[in-house]
file run_17.pdb (PDB, C-alpha atoms)
ATOM      1  CA  GLU A   1       0.000   0.000   0.000  1.00  0.00           C
ATOM      2  CA  THR A   2       2.906   2.424   0.542  1.00  0.00           C
ATOM      3  CA  MET A   3       3.698   2.104  -3.170  1.00  0.00           C
ATOM      4  CA  LEU A   4       1.195   4.950  -3.459  1.00  0.00           C
ATOM      5  CA  GLY A   5       4.042   7.145  -2.171  1.00  0.00           C
ATOM      6  CA  ASP A   6       6.747   5.842  -4.528  1.00  0.00           C
ATOM      7  CA  THR A   7       8.864   8.617  -6.020  1.00  0.00           C
ATOM      8  CA  ALA A   8      11.641   6.665  -7.802  1.00  0.00           C
ATOM      9  CA  VAL A   9      12.742   3.276  -9.077  1.00  0.00           C
ATOM     10  CA  ALA A  10      16.382   2.466  -8.293  1.00  0.00           C
ATOM     11  CA  VAL A  11      18.677   0.152 -10.263  1.00  0.00           C
ATOM     12  CA  HIS A  12      22.351  -0.674  -9.873  1.00  0.00           C
ATOM     13  CA  PRO A  13      24.502   1.492 -12.155  1.00  0.00           C
ATOM     14  CA  GLU A  14      26.405  -1.593 -13.391  1.00  0.00           C
ATOM     15  CA  ASP A  15      23.340  -3.751 -14.081  1.00  0.00           C
ATOM     16  CA  PRO A  16      23.371  -4.396 -17.857  1.00  0.00           C
ATOM     17  CA  ARG A  17      19.626  -5.123 -17.896  1.00  0.00           C
ATOM     18  CA  TYR A  18      18.739  -1.526 -17.130  1.00  0.00           C
ATOM     19  CA  LYS A  19      21.553   0.629 -18.531  1.00  0.00           C
ATOM     20  CA  HIS A  20      19.341   1.734 -21.428  1.00  0.00           C
ATOM     21  CA  LEU A  21      16.823   3.082 -18.883  1.00  0.00           C
ATOM     22  CA  HIS A  22      19.173   5.355 -16.900  1.00  0.00           C
ATOM     23  CA  GLY A  23      17.651   8.826 -16.626  1.00  0.00           C
ATOM     24  CA  LYS A  24      14.268   7.785 -17.992  1.00  0.00           C
ATOM     25  CA  PHE A  25      10.916   7.752 -16.224  1.00  0.00           C
ATOM     26  CA  VAL A  26       8.082   5.390 -15.398  1.00  0.00           C
ATOM     27  CA  VAL A  27       4.486   6.415 -14.764  1.00  0.00           C
ATOM     28  CA  HIS A  28       2.736   5.558 -11.494  1.00  0.00           C
ATOM     29  CA  PRO A  29      -0.233   3.259 -12.250  1.00  0.00           C
ATOM     30  CA  PHE A  30      -2.695   5.030  -9.939  1.00  0.00           C
ATOM     31  CA  ASN A  31      -1.846   8.728  -9.928  1.00  0.00           C
ATOM     32  CA  SER A  32       0.075   9.166 -13.226  1.00  0.00           C
ATOM     33  CA  ARG A  33       3.043  10.676 -11.370  1.00  0.00           C
ATOM     34  CA  ARG A  34       6.260  10.605 -13.437  1.00  0.00           C
ATOM     35  CA  ILE A  35       8.821   8.640 -11.437  1.00  0.00           C
ATOM     36  CA  PRO A  36      12.529   8.836 -12.295  1.00  0.00           C
ATOM     37  CA  ILE A  37      14.677   5.737 -12.782  1.00  0.00           C
ATOM     38  CA  ILE A  38      17.781   6.404 -10.675  1.00  0.00           C
ATOM     39  CA  THR A  39      21.039   4.518 -10.129  1.00  0.00           C
ATOM     40  CA  ASP A  40      22.125   3.681  -6.590  1.00  0.00           C
ATOM     41  CA  ALA A  41      24.893   1.172  -5.895  1.00  0.00           C
ATOM     42  CA  GLU A  42      24.526   1.626  -2.143  1.00  0.00           C
ATOM     43  CA  LEU A  43      20.915   0.440  -1.972  1.00  0.00           C
ATOM     44  CA  VAL A  44      20.411  -1.966  -4.865  1.00  0.00           C
ATOM     45  CA  ASP A  45      21.553  -5.602  -4.924  1.00  0.00           C
ATOM     46  CA  MET A  46      21.612  -6.734  -8.568  1.00  0.00           C
ATOM     47  CA  GLU A  47      21.244 -10.381  -7.539  1.00  0.00           C
ATOM     48  CA  PHE A  48      18.097  -9.891  -5.443  1.00  0.00           C
ATOM     49  CA  GLY A  49      14.675 -10.042  -7.064  1.00  0.00           C
ATOM     50  CA  THR A  50      14.389  -8.062 -10.262  1.00  0.00           C
ATOM     51  CA  GLY A  51      17.284  -5.777  -9.353  1.00  0.00           C
ATOM     52  CA  ALA A  52      14.875  -2.839  -9.575  1.00  0.00           C
ATOM     53  CA  VAL A  53      13.780  -1.315  -6.267  1.00  0.00           C
ATOM     54  CA  LYS A  54      10.810   0.975  -5.801  1.00  0.00           C
ATOM     55  CA  ILE A  55      11.709   3.900  -3.531  1.00  0.00           C
ATOM     56  CA  THR A  56       9.249   5.238  -0.946  1.00  0.00           C
ATOM     57  CA  PRO A  57      11.304   7.834   0.967  1.00  0.00           C
ATOM     58  CA  ALA A  58       8.543   8.754   3.417  1.00  0.00           C
ATOM     59  CA  HIS A  59       7.903   5.171   4.592  1.00  0.00           C
ATOM     60  CA  ASP A  60      11.203   3.292   4.763  1.00  0.00           C
ATOM     61  CA  PRO A  61      14.489   4.158   6.535  1.00  0.00           C
ATOM     62  CA  ASN A  62      16.719   2.958   3.675  1.00  0.00           C
ATOM     63  CA  ASP A  63      14.542   4.675   1.089  1.00  0.00           C
ATOM     64  CA  TYR A  64      14.672   7.825   3.225  1.00  0.00           C
ATOM     65  CA  GLU A  65      18.469   7.931   2.947  1.00  0.00           C
ATOM     66  CA  CYS A  66      18.233   7.186  -0.777  1.00  0.00           C
ATOM     67  CA  GLY A  67      15.708   9.999  -1.136  1.00  0.00           C
ATOM     68  CA  LYS A  68      18.085  12.439   0.511  1.00  0.00           C
ATOM     69  CA  ARG A  69      20.976  11.330  -1.734  1.00  0.00           C
ATOM     70  CA  HIS A  70      18.928  11.862  -4.892  1.00  0.00           C
ATOM     71  CA  LYS A  71      16.770  14.798  -3.720  1.00  0.00           C
ATOM     72  CA  LEU A  72      13.550  12.853  -4.233  1.00  0.00           C
ATOM     73  CA  GLU A  73      10.069  13.936  -3.223  1.00  0.00           C
ATOM     74  CA  PHE A  74       8.882  12.658   0.177  1.00  0.00           C
ATOM     75  CA  ILE A  75       5.186  11.726  -0.018  1.00  0.00           C
ATOM     76  CA  THR A  76       3.416  10.471   3.099  1.00  0.00           C
ATOM     77  CA  VAL A  77       0.401   8.302   2.237  1.00  0.00           C
ATOM     78  CA  LEU A  78      -0.889   7.417   5.720  1.00  0.00           C
ATOM     79  CA  THR A  79      -2.851   9.298   8.349  1.00  0.00           C
ATOM     80  CA  PRO A  80      -1.783   9.021  12.019  1.00  0.00           C
ATOM     81  CA  ASP A  81      -4.445   6.337  12.581  1.00  0.00           C
ATOM     82  CA  GLY A  82      -3.218   4.130   9.730  1.00  0.00           C
ATOM     83  CA  ALA A  83      -5.631   5.031   6.934  1.00  0.00           C
ATOM     84  CA  ILE A  84      -4.656   6.069   3.407  1.00  0.00           C
ATOM     85  CA  ASN A  85      -4.626   9.868   3.148  1.00  0.00           C
ATOM     86  CA  ASN A  86      -5.408  12.190   0.242  1.00  0.00           C
ATOM     87  CA  ASN A  87      -2.214  11.148  -1.579  1.00  0.00           C
ATOM     88  CA  GLY A  88      -3.704   7.682  -2.042  1.00  0.00           C
ATOM     89  CA  SER A  89      -5.842   8.241  -5.157  1.00  0.00           C
ATOM     90  CA  GLN A  90      -8.877   5.925  -5.180  1.00  0.00           C
ATOM     91  CA  PHE A  91      -7.677   4.172  -2.013  1.00  0.00           C
ATOM     92  CA  GLU A  92      -8.098   7.243   0.208  1.00  0.00           C
ATOM     93  CA  GLY A  93      -9.832   6.423   3.503  1.00  0.00           C
ATOM     94  CA  MET A  94      -9.012   2.690   3.491  1.00  0.00           C
ATOM     95  CA  MET A  95      -7.121   1.261   6.448  1.00  0.00           C
ATOM     96  CA  ARG A  96      -3.588   0.216   5.501  1.00  0.00           C
ATOM     97  CA  TYR A  97      -4.125  -3.565   5.389  1.00  0.00           C
ATOM     98  CA  ASP A  98      -7.400  -3.231   3.460  1.00  0.00           C
ATOM     99  CA  ALA A  99      -5.568  -0.968   1.022  1.00  0.00           C
ATOM    100  CA  ARG A 100      -2.789  -3.550   0.665  1.00  0.00           C
ATOM    101  CA  ILE A 101      -5.307  -6.060  -0.740  1.00  0.00           C
ATOM    102  CA  ALA A 102      -7.105  -3.411  -2.814  1.00  0.00           C
ATOM    103  CA  VAL A 103      -3.872  -2.183  -4.438  1.00  0.00           C
ATOM    104  CA  GLU A 104      -2.953  -5.732  -5.444  1.00  0.00           C
ATOM    105  CA  GLU A 105      -6.409  -6.329  -6.925  1.00  0.00           C
ATOM    106  CA  ALA A 106      -6.303  -3.007  -8.790  1.00  0.00           C
ATOM    107  CA  LEU A 107      -2.905  -3.912 -10.305  1.00  0.00           C
ATOM    108  CA  LYS A 108      -4.383  -7.208 -11.499  1.00  0.00           C
ATOM    109  CA  GLU A 109      -7.323  -5.368 -13.090  1.00  0.00           C
ATOM    110  CA  LYS A 110      -4.882  -3.119 -14.967  1.00  0.00           C
ATOM    111  CA  GLY A 111      -2.877  -6.134 -16.168  1.00  0.00           C
ATOM    112  CA  LEU A 112       0.196  -4.880 -14.286  1.00  0.00           C
ATOM    113  CA  TYR A 113       0.465  -7.548 -11.595  1.00  0.00           C
ATOM    114  CA  LYS A 114       3.472  -9.811 -12.163  1.00  0.00           C
ATOM    115  CA  ASP A 115       4.083 -12.098  -9.188  1.00  0.00           C
ATOM    116  CA  LYS A 116       4.331 -12.424  -5.430  1.00  0.00           C
ATOM    117  CA  VAL A 117       7.140 -14.405  -3.756  1.00  0.00           C
ATOM    118  CA  PRO A 118       7.638 -15.076  -0.011  1.00  0.00           C
ATOM    119  CA  ASN A 119      10.581 -13.168   1.412  1.00  0.00           C
ATOM    120  CA  LYS A 120      11.806 -13.232   5.019  1.00  0.00           C
ATOM    121  CA  MET A 121      12.101  -9.761   6.496  1.00  0.00           C
ATOM    122  CA  ARG A 122      12.455  -8.051   9.844  1.00  0.00           C
ATOM    123  CA  LEU A 123       9.444  -6.200  11.206  1.00  0.00           C
ATOM    124  CA  GLY A 124       9.455  -3.611  13.960  1.00  0.00           C
ATOM    125  CA  LEU A 125       6.811  -4.312  16.599  1.00  0.00           C
ATOM    126  CA  CYS A 126       5.372  -1.938  19.184  1.00  0.00           C
ATOM    127  CA  SER A 127       6.571  -2.892  22.668  1.00  0.00           C
ATOM    128  CA  ARG A 128       3.177  -1.948  24.129  1.00  0.00           C
ATOM    129  CA  SER A 129       0.568  -3.238  21.693  1.00  0.00           C
ATOM    130  CA  GLY A 130       2.469  -5.706  19.511  1.00  0.00           C
ATOM    131  CA  ASP A 131       1.315  -3.877  16.385  1.00  0.00           C
ATOM    132  CA  ILE A 132       3.546  -3.753  13.330  1.00  0.00           C
ATOM    133  CA  LEU A 133       5.248  -0.353  13.243  1.00  0.00           C
ATOM    134  CA  GLU A 134       4.882   1.702  10.078  1.00  0.00           C
ATOM    135  CA  PRO A 135       7.850   3.974   9.376  1.00  0.00           C
ATOM    136  CA  MET A 136       6.609   7.412   8.373  1.00  0.00           C
ATOM    137  CA  ILE A 137       7.849  10.970   8.510  1.00  0.00           C
ATOM    138  CA  THR A 138       6.212  13.064  11.197  1.00  0.00           C
ATOM    139  CA  PRO A 139       7.224  16.386  12.755  1.00  0.00           C
ATOM    140  CA  GLN A 140       9.425  15.903  15.808  1.00  0.00           C
ATOM    141  CA  TRP A 141      10.937  18.292  18.326  1.00  0.00           C
ATOM    142  CA  TYR A 142      14.698  18.552  18.747  1.00  0.00           C
ATOM    143  CA  VAL A 143      17.100  20.155  21.189  1.00  0.00           C
ATOM    144  CA  SER A 144      20.171  21.603  19.517  1.00  0.00           C
ATOM    145  CA  CYS A 145      23.224  19.852  20.974  1.00  0.00           C
ATOM    146  CA  ALA A 146      25.965  21.579  18.971  1.00  0.00           C
ATOM    147  CA  GLY A 147      26.743  24.191  21.633  1.00  0.00           C
ATOM    148  CA  MET A 148      26.826  21.681  24.498  1.00  0.00           C
ATOM    149  CA  ALA A 149      29.027  19.314  22.503  1.00  0.00           C
ATOM    150  CA  LYS A 150      31.491  22.066  21.588  1.00  0.00           C
ATOM    151  CA  ARG A 151      31.833  23.153  25.224  1.00  0.00           C
ATOM    152  CA  SER A 152      32.566  19.532  26.136  1.00  0.00           C
ATOM    153  CA  THR A 153      35.223  19.004  23.463  1.00  0.00           C
ATOM    154  CA  ASP A 154      36.820  22.411  24.080  1.00  0.00           C
ATOM    155  CA  ALA A 155      37.122  21.571  27.800  1.00  0.00           C
ATOM    156  CA  VAL A 156      39.173  18.455  27.005  1.00  0.00           C
ATOM    157  CA  ARG A 157      41.270  20.135  24.334  1.00  0.00           C
ATOM    158  CA  ASN A 158      42.230  23.057  26.579  1.00  0.00           C
ATOM    159  CA  GLY A 159      42.952  20.810  29.580  1.00  0.00           C
ATOM    160  CA  GLU A 160      40.042  21.993  31.722  1.00  0.00           C
ATOM    161  CA  LEU A 161      38.622  18.468  31.717  1.00  0.00           C
ATOM    162  CA  THR A 162      40.670  15.251  31.748  1.00  0.00           C
ATOM    163  CA  ILE A 163      39.464  11.957  30.325  1.00  0.00           C
ATOM    164  CA  LEU A 164      40.848   8.868  32.067  1.00  0.00           C
ATOM    165  CA  PRO A 165      42.093   6.604  30.677  1.00  0.00           C
ATOM    166  CA  LYS A 166      43.460   8.958  28.034  1.00  0.00           C
ATOM    167  CA  ASP A 167      42.862   6.546  25.164  1.00  0.00           C
ATOM    168  CA  GLN A 168      39.119   7.174  25.631  1.00  0.00           C
ATOM    169  CA  GLU A 169      39.573  10.724  24.334  1.00  0.00           C
ATOM    170  CA  LYS A 170      39.201   9.365  20.804  1.00  0.00           C
ATOM    171  CA  THR A 171      35.721   8.070  21.608  1.00  0.00           C
ATOM    172  CA  TRP A 172      34.848  11.370  23.318  1.00  0.00           C
ATOM    173  CA  PHE A 173      35.807  13.443  20.276  1.00  0.00           C
ATOM    174  CA  GLN A 174      34.358  11.004  17.754  1.00  0.00           C
ATOM    175  CA  TRP A 175      30.976  11.159  19.474  1.00  0.00           C
ATOM    176  CA  LEU A 176      30.805  14.851  20.324  1.00  0.00           C
ATOM    177  CA  ASP A 177      32.442  16.254  17.173  1.00  0.00           C
ATOM    178  CA  ASN A 178      29.733  14.475  15.183  1.00  0.00           C
ATOM    179  CA  ILE A 179      26.858  15.145  17.557  1.00  0.00           C
ATOM    180  CA  ARG A 180      23.315  15.179  16.221  1.00  0.00           C
ATOM    181  CA  ASP A 181      20.402  17.167  17.575  1.00  0.00           C
ATOM    182  CA  TRP A 182      18.508  15.327  20.320  1.00  0.00           C
ATOM    183  CA  CYS A 183      14.941  14.285  19.477  1.00  0.00           C
ATOM    184  CA  VAL A 184      12.861  14.866  22.610  1.00  0.00           C
ATOM    185  CA  SER A 185       9.485  13.889  21.131  1.00  0.00           C
ATOM    186  CA  ARG A 186      10.246  10.254  20.397  1.00  0.00           C
ATOM    187  CA  GLN A 187       7.208   8.023  20.813  1.00  0.00           C
ATOM    188  CA  LEU A 188       8.904   5.819  23.413  1.00  0.00           C
ATOM    189  CA  TRP A 189       6.941   7.434  26.183  1.00  0.00           C
ATOM    190  CA  TRP A 190       3.325   8.380  25.552  1.00  0.00           C
ATOM    191  CA  GLY A 191       1.895  11.604  26.858  1.00  0.00           C
ATOM    192  CA  HIS A 192       4.924  13.685  27.789  1.00  0.00           C
ATOM    193  CA  GLN A 193       4.511  17.320  26.887  1.00  0.00           C
ATOM    194  CA  ILE A 194       6.625  19.527  24.617  1.00  0.00           C
ATOM    195  CA  PRO A 195       6.474  23.257  25.431  1.00  0.00           C
ATOM    196  CA  ALA A 196       4.925  24.164  22.088  1.00  0.00           C
ATOM    197  CA  TRP A 197       1.445  25.251  21.007  1.00  0.00           C
ATOM    198  CA  PHE A 198      -0.240  24.939  17.602  1.00  0.00           C
ATOM    199  CA  ALA A 199      -2.223  27.900  16.285  1.00  0.00           C
ATOM    200  CA  THR A 200      -5.489  27.412  14.389  1.00  0.00           C
ATOM    201  CA  LYS A 201      -8.374  29.629  13.359  1.00  0.00           C
ATOM    202  CA  LYS A 202     -11.828  28.811  14.692  1.00  0.00           C
ATOM    203  CA  SER A 203     -13.222  28.203  11.190  1.00  0.00           C
ATOM    204  CA  GLU A 204     -10.514  25.744  10.132  1.00  0.00           C
ATOM    205  CA  THR A 205     -11.287  22.032   9.948  1.00  0.00           C
ATOM    206  CA  ASP A 206      -8.600  20.651   7.623  1.00  0.00           C
ATOM    207  CA  VAL A 207      -5.394  21.881   9.277  1.00  0.00           C
ATOM    208  CA  PHE A 208      -3.452  19.021  10.869  1.00  0.00           C
ATOM    209  CA  LYS A 209      -0.591  19.297  13.337  1.00  0.00           C
ATOM    210  CA  THR A 210       1.252  16.459  11.591  1.00  0.00           C
ATOM    211  CA  ASP A 211       1.284  18.309   8.258  1.00  0.00           C
ATOM    212  CA  MET A 212       4.749  19.832   7.995  1.00  0.00           C
ATOM    213  CA  ALA A 213       3.397  22.442   5.583  1.00  0.00           C
ATOM    214  CA  HIS A 214       2.082  24.131   8.740  1.00  0.00           C
ATOM    215  CA  ASN A 215       5.327  24.121  10.719  1.00  0.00           C
ATOM    216  CA  ASP A 216       5.080  27.908  10.977  1.00  0.00           C
ATOM    217  CA  ARG A 217       1.956  27.456  13.127  1.00  0.00           C
ATOM    218  CA  TRP A 218       3.974  26.065  16.057  1.00  0.00           C
ATOM    219  CA  ILE A 219       4.890  28.466  18.857  1.00  0.00           C
ATOM    220  CA  VAL A 220       7.526  27.472  21.406  1.00  0.00           C
ATOM    221  CA  ALA A 221       7.103  29.120  24.791  1.00  0.00           C
ATOM    222  CA  ARG A 222       7.495  28.522  28.525  1.00  0.00           C
ATOM    223  CA  SER A 223       3.748  28.877  29.196  1.00  0.00           C
ATOM    224  CA  GLU A 224       0.441  29.098  27.358  1.00  0.00           C
ATOM    225  CA  ALA A 225       0.223  32.778  28.242  1.00  0.00           C
ATOM    226  CA  GLU A 226       3.624  33.412  26.668  1.00  0.00           C
ATOM    227  CA  ALA A 227       2.580  31.416  23.589  1.00  0.00           C
ATOM    228  CA  LEU A 228      -0.601  33.474  23.209  1.00  0.00           C
ATOM    229  CA  GLU A 229       1.458  36.645  23.496  1.00  0.00           C
ATOM    230  CA  LYS A 230       3.834  35.420  20.756  1.00  0.00           C
TER     231      LYS A 230
END
call {"tool": "encode", "arguments": {"input": "run_17.pdb", "output": "structure tokens"}}
result
Amino acid sequence: ETMLGDTAVAVHPEDPRYKHLHGKFVVHPFNSRRIPIITDAELVDMEFGTGAVKITPAHDPNDYECGKRHKLEFITVLTPDGAINNNGSQFEGMMRYDARIAVEEALKEKGLYKDKVPNKMRLGLCSRSGDILEPMITPQWYVSCAGMAKRSTDAVRNGELTILPKDQEKTWFQWLDNIRDWCVSRQLWWGHQIPAWFATKKSETDVFKTDMAHNDRWIVARSEAEALEK
């Protein structure tokens, strides 16, 4: 069902079967979107399956990295409750597993269905409910760690702080010199609050907090009163 959000087909640059297709496009069967055929040696295994991999950057971690490398479009096709959203063409409103069956049947009706082969794979499961986790891009809140990390590395470099044993300095610098921002809204703990408020107008019904097109609606503040003032 996430094929509704496909934005590329990747092949290995050295695969002789597809060299004549480099730089060309395919057309999505349900929304007529032009999808580029890209080459990616990092992602594609020529010996596995057809050697052509559909890329859904908004719903797969590996495809996400591929999407960043090739500047692909990121199209989310699911709502927060697991239904197909308005990017899902005729499947909009279906729950994800119902849509999975419907997409397969629709491909058969179009004469585009080729085959289905069992393939062992690893699935992420929710530790609370046991549900299968669906990777998808959602807005998250981050704390910038660059300043804290620099203070920590500077303290060791100027002798203010000593790491013992000394050979652990390498690990210290490797970690902190390449620090990433800290995501504080991870869904590991349900219900914790982020000091941010979302602004809507009373007449609006179709503005969703998870839509990153409305990121400018978020107001970070220490209290609701301060947020209202901002």
call {"tool": "atom_distance", "arguments": {"input": "run_17.pdb", "atom1": "CA of Asp154 in chain A", "atom2": "CA of Trp172 in chain A"}}
result
11.2 Å
call {"tool": "resolve_selection", "arguments": {"input": "run_17.pdb", "expression": "the PyMOL selection byres ((chain A and resi 182) around 9)", "output": "PDB file with C-alpha atoms, in the frame of the given file"}}
result
ATOM      1  CA  TRP A 141      10.937  18.292  18.326  1.00  0.00           C
ATOM      2  CA  TYR A 142      14.698  18.552  18.747  1.00  0.00           C
ATOM      3  CA  VAL A 143      17.100  20.155  21.189  1.00  0.00           C
ATOM      4  CA  SER A 144      20.171  21.603  19.517  1.00  0.00           C
ATOM      5  CA  CYS A 145      23.224  19.852  20.974  1.00  0.00           C
ATOM      6  CA  ILE A 179      26.858  15.145  17.557  1.00  0.00           C
ATOM      7  CA  ARG A 180      23.315  15.179  16.221  1.00  0.00           C
ATOM      8  CA  ASP A 181      20.402  17.167  17.575  1.00  0.00           C
ATOM      9  CA  CYS A 183      14.941  14.285  19.477  1.00  0.00           C
ATOM     10  CA  VAL A 184      12.861  14.866  22.610  1.00  0.00           C
TER      11      VAL A 184
END
call {"tool": "residues_around", "arguments": {"input": "run_17.pdb", "residues": "Val220 in chain A", "least_positions_apart": "5", "cutoff": "8 Å", "atoms": "only C-alpha atoms", "output": "short mmCIF file (atom, residue, chain, number, x, y, z; two decimals) with C-alpha atoms, in the frame of the given file"}}
result
data_model
loop_
_atom_site.label_atom_id
_atom_site.label_comp_id
_atom_site.auth_asym_id
_atom_site.auth_seq_id
_atom_site.Cartn_x
_atom_site.Cartn_y
_atom_site.Cartn_z
CA PRO A 195 6.47 23.26 25.43
CA ALA A 196 4.92 24.16 22.09
CA TRP A 197 1.44 25.25 21.01
CA ALA A 227 2.58 31.42 23.59
#
call {"tool": "residues_around", "arguments": {"input": "run_17.pdb", "residues": "Gly93 in chain A", "least_positions_apart": "5", "cutoff": "9 Å", "atoms": "all atoms listed in the file", "output": "JSON, numbers by chain"}}
result
{"A": [79, 83, 84, 85, 86, 88, 99]}
call {"tool": "write_last_selection", "arguments": {"input": "run_17.pdb", "atoms": "C-alpha atoms", "output": "compact mmCIF listing (two decimals), in the coordinates of the input"}}
result
# COMPACT_ATOMS: atom_id res chain seq x y z
CA THR A 79 -2.85 9.30 8.35
CA ALA A 83 -5.63 5.03 6.93
CA ILE A 84 -4.66 6.07 3.41
CA ASN A 85 -4.63 9.87 3.15
CA ASN A 86 -5.41 12.19 0.24
CA GLY A 88 -3.70 7.68 -2.04
CA ALA A 99 -5.57 -0.97 1.02
call {"tool": "closest_residue", "arguments": {"input": "run_17.pdb", "among": "A:Asn87, A:Gln168, A:Asn158, A:Thr2", "to": "His59 in chain A", "atoms": "all atoms listed in the file"}}
result
A:Thr2
call {"tool": "closest_residue", "arguments": {"input": "run_17.pdb", "among": "A:Thr138, A:Gly147, A:Leu133, A:Ser185", "to": "Ala213 in chain A", "atoms": "all atoms listed in the file"}}
result
A:Thr138
call {"tool": "resolve_selection", "arguments": {"input": "run_17.pdb", "expression": "the PyMOL selection byres ((chain A and resi 100-104) around 9)", "output": "MDAnalysis selection string"}}
result
chainID A and resid 1:4 91 94:99 105:109 113
call {"tool": "residues_around", "arguments": {"input": "run_17.pdb", "residues": "Glu14 in chain A", "least_positions_apart": "4", "cutoff": "9 Å", "atoms": "all atoms listed in the file", "output": "mmCIF file with C-alpha atoms, in the coordinates of the input"}}
result
data_model
loop_
_atom_site.group_PDB
_atom_site.id
_atom_site.type_symbol
_atom_site.label_atom_id
_atom_site.label_comp_id
_atom_site.auth_asym_id
_atom_site.auth_seq_id
_atom_site.Cartn_x
_atom_site.Cartn_y
_atom_site.Cartn_z
ATOM 1 C CA TYR A 18 18.739 -1.526 -17.130
ATOM 2 C CA LYS A 19 21.553 0.629 -18.531
ATOM 3 C CA THR A 39 21.039 4.518 -10.129
ATOM 4 C CA ALA A 41 24.893 1.172 -5.895
ATOM 5 C CA MET A 46 21.612 -6.734 -8.568
#
call {"tool": "closest_residue", "arguments": {"input": "run_17.pdb", "among": "A:Ile37, A:Ile219, A:Ile132, A:Leu112", "to": "Gly82 in chain A", "atoms": "all atoms listed in the file"}}
result
A:Ile132
call {"tool": "resolve_selection", "arguments": {"input": "run_17.pdb", "expression": "the PyMOL selection byres ((chain A and resi 176) around 9)", "output": "list of chain:residue names"}}
result
A:Ala146, A:Met148, A:Ala149, A:Lys150, A:Ser152, A:Thr153, A:Thr171, A:Trp172, A:Phe173, A:Gln174, A:Trp175, A:Asp177, A:Asn178, A:Ile179, A:Arg180
call {"tool": "closest_residue", "arguments": {"input": "run_17.pdb", "among": "A:Arg17, A:Lys170, A:Lys116, A:Arg122", "to": "Gly51 in chain A", "atoms": "only C-alpha atoms"}}
result
A:Arg17
call {"tool": "closest_residue", "arguments": {"input": "run_17.pdb", "among": "A:Asn31, A:Gln193, A:Gln140, A:Thr76", "to": "Tyr64 in chain A", "atoms": "all atoms listed in the file"}}
result
A:Thr76
call {"tool": "atom_distance", "arguments": {"input": "run_17.pdb", "atom1": "CA of Glu65 in chain A", "atom2": "CA of Val77 in chain A"}}
result
18.1 Å
call {"tool": "atom_distance", "arguments": {"input": "run_17.pdb", "atom1": "CA of Met212 in chain A", "atom2": "CA of Ala58 in chain A"}}
result
12.6 Å
call {"tool": "build_atoms", "arguments": {"input": "run_17.pdb", "residues": "range 127-137 of chain A", "atoms": "N, CA, C and O atoms", "output": "PDB file, in the coordinates of the input"}}
result
ATOM      1  N   SER A 127       6.328  -2.201  21.402  1.00  0.00           N
ATOM      2  CA  SER A 127       6.571  -2.892  22.668  1.00  0.00           C
ATOM      3  C   SER A 127       5.329  -2.910  23.548  1.00  0.00           C
ATOM      4  O   SER A 127       5.213  -3.725  24.462  1.00  0.00           O
ATOM      5  N   ARG A 128       4.381  -2.011  23.304  1.00  0.00           N
ATOM      6  CA  ARG A 128       3.177  -1.948  24.129  1.00  0.00           C
ATOM      7  C   ARG A 128       2.032  -2.785  23.551  1.00  0.00           C
ATOM      8  O   ARG A 128       1.388  -3.545  24.261  1.00  0.00           O
ATOM      9  N   SER A 129       1.769  -2.620  22.273  1.00  0.00           N
ATOM     10  CA  SER A 129       0.568  -3.238  21.693  1.00  0.00           C
ATOM     11  C   SER A 129       0.865  -4.460  20.836  1.00  0.00           C
ATOM     12  O   SER A 129      -0.037  -5.236  20.536  1.00  0.00           O
ATOM     13  N   GLY A 130       2.136  -4.607  20.405  1.00  0.00           N
ATOM     14  CA  GLY A 130       2.469  -5.706  19.511  1.00  0.00           C
ATOM     15  C   GLY A 130       2.155  -5.414  18.060  1.00  0.00           C
ATOM     16  O   GLY A 130       2.384  -6.255  17.183  1.00  0.00           O
ATOM     17  N   ASP A 131       1.631  -4.236  17.768  1.00  0.00           N
ATOM     18  CA  ASP A 131       1.315  -3.877  16.385  1.00  0.00           C
ATOM     19  C   ASP A 131       2.579  -3.723  15.553  1.00  0.00           C
ATOM     20  O   ASP A 131       3.645  -3.366  16.061  1.00  0.00           O
ATOM     21  N   ILE A 132       2.426  -3.970  14.251  1.00  0.00           N
ATOM     22  CA  ILE A 132       3.546  -3.753  13.330  1.00  0.00           C
ATOM     23  C   ILE A 132       3.735  -2.246  13.147  1.00  0.00           C
ATOM     24  O   ILE A 132       2.785  -1.518  12.833  1.00  0.00           O
ATOM     25  N   LEU A 133       4.953  -1.780  13.369  1.00  0.00           N
ATOM     26  CA  LEU A 133       5.248  -0.353  13.243  1.00  0.00           C
ATOM     27  C   LEU A 133       5.357   0.040  11.773  1.00  0.00           C
ATOM     28  O   LEU A 133       5.933  -0.684  10.969  1.00  0.00           O
ATOM     29  N   GLU A 134       4.811   1.182  11.439  1.00  0.00           N
ATOM     30  CA  GLU A 134       4.882   1.702  10.078  1.00  0.00           C
ATOM     31  C   GLU A 134       5.800   2.912  10.061  1.00  0.00           C
ATOM     32  O   GLU A 134       5.469   3.945  10.631  1.00  0.00           O
ATOM     33  N   PRO A 135       6.985   2.796   9.451  1.00  0.00           N
ATOM     34  CA  PRO A 135       7.850   3.974   9.376  1.00  0.00           C
ATOM     35  C   PRO A 135       7.168   5.081   8.577  1.00  0.00           C
ATOM     36  O   PRO A 135       6.627   4.832   7.495  1.00  0.00           O
ATOM     37  N   MET A 136       7.147   6.277   9.115  1.00  0.00           N
ATOM     38  CA  MET A 136       6.609   7.412   8.373  1.00  0.00           C
ATOM     39  C   MET A 136       7.192   8.701   8.943  1.00  0.00           C
ATOM     40  O   MET A 136       7.598   8.759  10.109  1.00  0.00           O
ATOM     41  N   ILE A 137       7.274   9.689   8.101  1.00  0.00           N
ATOM     42  CA  ILE A 137       7.849  10.970   8.510  1.00  0.00           C
ATOM     43  C   ILE A 137       6.784  11.778   9.234  1.00  0.00           C
ATOM     44  O   ILE A 137       5.687  11.997   8.720  1.00  0.00           O
TER      45      ILE A 137
END
